[in-house]
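data.txt follows; it contains compact mmCIF, N, CA and C atoms.
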```txt
# COMPACT_ATOMS: atom_id res chain seq x y z
N MET N 23 57.99 -86.35 -3.26
CA MET N 23 57.81 -85.13 -2.51
C MET N 23 58.72 -84.06 -3.09
N LEU N 24 58.20 -82.84 -3.17
CA LEU N 24 58.94 -81.74 -3.75
C LEU N 24 59.64 -80.90 -2.69
N THR N 25 60.77 -80.36 -3.07
CA THR N 25 61.42 -79.39 -2.19
C THR N 25 60.66 -78.08 -2.35
N GLU N 26 60.95 -77.13 -1.48
CA GLU N 26 60.29 -75.82 -1.57
C GLU N 26 60.60 -75.15 -2.90
N ALA N 27 61.85 -75.26 -3.36
CA ALA N 27 62.23 -74.65 -4.63
C ALA N 27 61.52 -75.33 -5.80
N GLN N 28 61.41 -76.66 -5.76
CA GLN N 28 60.71 -77.39 -6.82
C GLN N 28 59.23 -77.03 -6.83
N ALA N 29 58.63 -76.92 -5.65
CA ALA N 29 57.22 -76.54 -5.56
C ALA N 29 57.00 -75.14 -6.12
N ALA N 30 57.88 -74.22 -5.80
CA ALA N 30 57.76 -72.85 -6.30
C ALA N 30 57.90 -72.84 -7.82
N GLU N 31 58.84 -73.62 -8.34
CA GLU N 31 59.05 -73.70 -9.79
C GLU N 31 57.81 -74.29 -10.47
N ARG N 32 57.27 -75.33 -9.87
CA ARG N 32 56.06 -75.98 -10.43
C ARG N 32 54.88 -75.01 -10.40
N MET N 33 54.72 -74.29 -9.31
CA MET N 33 53.62 -73.34 -9.19
C MET N 33 53.75 -72.24 -10.25
N LEU N 34 54.97 -71.74 -10.47
CA LEU N 34 55.19 -70.71 -11.47
C LEU N 34 54.84 -71.25 -12.86
N ALA N 35 55.20 -72.49 -13.15
CA ALA N 35 54.88 -73.09 -14.45
C ALA N 35 53.37 -73.21 -14.62
N LEU N 36 52.67 -73.59 -13.56
CA LEU N 36 51.21 -73.71 -13.62
C LEU N 36 50.55 -72.35 -13.82
N VAL N 37 51.05 -71.33 -13.15
CA VAL N 37 50.50 -69.98 -13.31
C VAL N 37 50.73 -69.49 -14.74
N ARG N 38 51.91 -69.73 -15.28
CA ARG N 38 52.20 -69.32 -16.66
C ARG N 38 51.29 -70.04 -17.65
N LYS N 39 51.10 -71.34 -17.43
CA LYS N 39 50.22 -72.13 -18.31
C LYS N 39 48.79 -71.60 -18.23
N HIS N 40 48.32 -71.34 -17.02
CA HIS N 40 46.96 -70.82 -16.84
C HIS N 40 46.82 -69.46 -17.53
N HIS N 41 47.81 -68.61 -17.38
CA HIS N 41 47.76 -67.29 -18.00
C HIS N 41 47.69 -67.42 -19.52
N ALA N 42 48.50 -68.31 -20.08
CA ALA N 42 48.50 -68.51 -21.54
C ALA N 42 47.14 -69.03 -22.00
N GLU N 43 46.55 -69.96 -21.26
CA GLU N 43 45.24 -70.49 -21.62
C GLU N 43 44.16 -69.41 -21.53
N GLN N 44 44.21 -68.60 -20.49
CA GLN N 44 43.24 -67.52 -20.33
C GLN N 44 43.37 -66.50 -21.45
N THR N 45 44.60 -66.18 -21.82
CA THR N 45 44.84 -65.23 -22.91
C THR N 45 44.24 -65.77 -24.20
N LEU N 46 44.44 -67.05 -24.47
CA LEU N 46 43.88 -67.67 -25.68
C LEU N 46 42.35 -67.67 -25.63
N LEU N 47 41.77 -68.01 -24.49
CA LEU N 47 40.31 -67.99 -24.36
C LEU N 47 39.74 -66.59 -24.58
N GLU N 48 40.40 -65.59 -24.02
CA GLU N 48 39.95 -64.21 -24.20
C GLU N 48 40.06 -63.78 -25.65
N HIS N 49 41.14 -64.16 -26.31
CA HIS N 49 41.31 -63.85 -27.72
C HIS N 49 40.21 -64.51 -28.55
N ASP N 50 39.94 -65.79 -28.28
CA ASP N 50 38.89 -66.51 -29.00
C ASP N 50 37.53 -65.86 -28.77
N ALA N 51 37.24 -65.45 -27.54
CA ALA N 51 35.97 -64.81 -27.23
C ALA N 51 35.83 -63.48 -27.98
N ARG N 52 36.89 -62.69 -28.01
CA ARG N 52 36.86 -61.42 -28.75
C ARG N 52 36.62 -61.67 -30.24
N GLU N 53 37.30 -62.68 -30.78
CA GLU N 53 37.15 -63.01 -32.19
C GLU N 53 35.73 -63.48 -32.50
N ARG N 54 35.13 -64.29 -31.63
CA ARG N 54 33.75 -64.74 -31.83
C ARG N 54 32.79 -63.56 -31.80
N ARG N 55 33.01 -62.63 -30.86
CA ARG N 55 32.13 -61.45 -30.79
C ARG N 55 32.28 -60.60 -32.05
N ARG N 56 33.50 -60.50 -32.56
CA ARG N 56 33.75 -59.69 -33.74
C ARG N 56 33.06 -60.28 -34.97
N ARG N 57 33.19 -61.59 -35.16
CA ARG N 57 32.67 -62.20 -36.38
C ARG N 57 31.29 -62.81 -36.22
N GLY N 58 30.83 -63.01 -34.99
CA GLY N 58 29.54 -63.66 -34.77
C GLY N 58 29.70 -65.17 -34.74
N VAL N 59 28.61 -65.84 -34.55
CA VAL N 59 28.62 -67.30 -34.46
C VAL N 59 27.97 -67.86 -35.73
N THR N 60 28.57 -68.88 -36.30
CA THR N 60 28.03 -69.48 -37.51
C THR N 60 27.00 -70.55 -37.16
N PHE N 61 26.16 -70.85 -38.12
CA PHE N 61 25.19 -71.92 -37.94
C PHE N 61 25.90 -73.24 -37.66
N ARG N 62 27.01 -73.47 -38.36
CA ARG N 62 27.78 -74.71 -38.17
C ARG N 62 28.23 -74.85 -36.71
N GLU N 63 28.73 -73.76 -36.11
CA GLU N 63 29.17 -73.80 -34.71
C GLU N 63 28.00 -74.11 -33.78
N VAL N 64 26.86 -73.48 -34.04
CA VAL N 64 25.68 -73.73 -33.21
C VAL N 64 25.23 -75.18 -33.36
N ALA N 65 25.21 -75.67 -34.60
CA ALA N 65 24.78 -77.05 -34.85
C ALA N 65 25.69 -78.05 -34.14
N HIS N 66 27.01 -77.84 -34.24
CA HIS N 66 27.94 -78.76 -33.57
C HIS N 66 27.79 -78.68 -32.05
N GLY N 67 27.59 -77.49 -31.53
CA GLY N 67 27.36 -77.34 -30.09
C GLY N 67 26.10 -78.05 -29.66
N TYR N 68 25.05 -77.93 -30.46
CA TYR N 68 23.79 -78.62 -30.15
C TYR N 68 23.99 -80.13 -30.12
N LEU N 69 24.70 -80.66 -31.11
CA LEU N 69 24.93 -82.11 -31.16
C LEU N 69 25.74 -82.59 -29.95
N ARG N 70 26.74 -81.81 -29.55
CA ARG N 70 27.52 -82.17 -28.35
C ARG N 70 26.63 -82.16 -27.11
N TRP N 71 25.79 -81.11 -27.00
CA TRP N 71 24.88 -81.01 -25.85
C TRP N 71 23.91 -82.18 -25.85
N LEU N 72 23.34 -82.49 -27.01
CA LEU N 72 22.38 -83.58 -27.11
C LEU N 72 23.00 -84.90 -26.66
N GLU N 73 24.23 -85.13 -27.06
CA GLU N 73 24.91 -86.38 -26.70
C GLU N 73 25.37 -86.39 -25.25
N ASP N 74 26.05 -85.32 -24.82
CA ASP N 74 26.69 -85.30 -23.50
C ASP N 74 25.74 -84.98 -22.36
N VAL N 75 24.81 -84.06 -22.56
CA VAL N 75 23.93 -83.61 -21.47
C VAL N 75 22.61 -84.38 -21.48
N LYS N 76 21.98 -84.41 -22.62
CA LYS N 76 20.67 -85.05 -22.71
C LYS N 76 20.75 -86.56 -22.87
N GLY N 77 21.93 -87.06 -23.23
CA GLY N 77 22.08 -88.51 -23.41
C GLY N 77 21.26 -89.02 -24.59
N GLY N 78 21.31 -88.29 -25.70
CA GLY N 78 20.54 -88.69 -26.88
C GLY N 78 20.86 -90.10 -27.33
N LYS N 79 19.82 -90.77 -27.81
CA LYS N 79 20.00 -92.15 -28.29
C LYS N 79 20.84 -92.14 -29.57
N PRO N 80 21.58 -93.21 -29.80
CA PRO N 80 22.42 -93.28 -31.00
C PRO N 80 21.63 -93.03 -32.29
N SER N 81 20.41 -93.55 -32.36
CA SER N 81 19.61 -93.35 -33.58
C SER N 81 19.24 -91.87 -33.75
N THR N 82 18.95 -91.19 -32.65
CA THR N 82 18.61 -89.76 -32.72
C THR N 82 19.83 -88.96 -33.14
N LEU N 83 20.97 -89.27 -32.55
CA LEU N 83 22.21 -88.56 -32.90
C LEU N 83 22.55 -88.77 -34.36
N ARG N 84 22.41 -90.01 -34.83
CA ARG N 84 22.70 -90.33 -36.23
C ARG N 84 21.78 -89.53 -37.16
N ASP N 85 20.49 -89.48 -36.81
CA ASP N 85 19.52 -88.75 -37.61
C ASP N 85 19.85 -87.25 -37.65
N HIS N 86 20.13 -86.68 -36.49
CA HIS N 86 20.44 -85.25 -36.42
C HIS N 86 21.72 -84.93 -37.18
N ARG N 87 22.72 -85.78 -37.04
CA ARG N 87 23.98 -85.55 -37.78
C ARG N 87 23.74 -85.61 -39.28
N SER N 88 22.89 -86.52 -39.68
CA SER N 88 22.57 -86.64 -41.10
C SER N 88 21.88 -85.37 -41.60
N LEU N 89 20.94 -84.87 -40.82
CA LEU N 89 20.21 -83.66 -41.21
C LEU N 89 21.10 -82.41 -41.25
N LEU N 90 22.10 -82.38 -40.37
CA LEU N 90 22.97 -81.21 -40.27
C LEU N 90 24.28 -81.36 -41.04
N ALA N 91 24.44 -82.46 -41.76
CA ALA N 91 25.69 -82.73 -42.48
C ALA N 91 25.91 -81.72 -43.59
N GLU N 92 27.17 -81.54 -43.91
CA GLU N 92 27.56 -80.68 -45.03
C GLU N 92 27.15 -81.36 -46.33
N SER N 93 26.94 -80.56 -47.35
CA SER N 93 26.61 -81.10 -48.66
C SER N 93 27.70 -82.04 -49.13
N GLY N 94 27.29 -83.20 -49.65
CA GLY N 94 28.25 -84.17 -50.17
C GLY N 94 28.91 -85.05 -49.13
N VAL N 95 28.53 -84.88 -47.84
CA VAL N 95 29.10 -85.71 -46.77
C VAL N 95 28.08 -86.76 -46.39
N ALA N 96 28.51 -88.01 -46.37
CA ALA N 96 27.58 -89.10 -46.04
C ALA N 96 27.12 -89.01 -44.60
```
Show me this structure written as structure tokens.
Amino acid sequence: MLTEAQAAERMLALVRKHHAEQTLLEHDARERRRRGVTFREVAHGYLRWLEDVKGGKPSTLRDHRSLLAESGVA
């Protein structure tokens, strides 16, 4: 159990951490808007979505990764 002072200190640390994370997210979003999105980023996002949301079969994921692989990568 925390004292009131410890709870206040913990809350301040959490607020600072959240602020730092939000600042980084905002910076990343501005940078993405400035430079645009690459095909590689879209392809990796698609593969994550296919695996995590759609529950793609291992054989499908393997096939898609093979098709989207960088040159010279097995």
Between atom N of Lys76 in chain N and atom C of Val64 in chain N, what distance in Å does the model show, to one decimal?
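Here the two named atoms are 14.5 Å from each other.
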CA of Thr60 in chain N to CA of Glu92 in chain N measures 13.5 Å
By how many Å are CA of Ala65 in chain N and CA of Ser88 in chain N apart?
11.7 Å
Apply DSSP to the structure's backbone, then extract all residues of range 58-95 of chain N labelled helix (DSSP H, G or I) and return them as a VMD selection string.
chain N and resid 61 to 74 80 to 90
Within 8 Å of Leu83 in chain N using only N, CA and C atoms, minus same-chain residues under 4 positions, as a list in words
Leu69, Leu72, Glu73, Gly77, Gly78, Lys79, Arg87, Ser88 and Leu89 of chain N
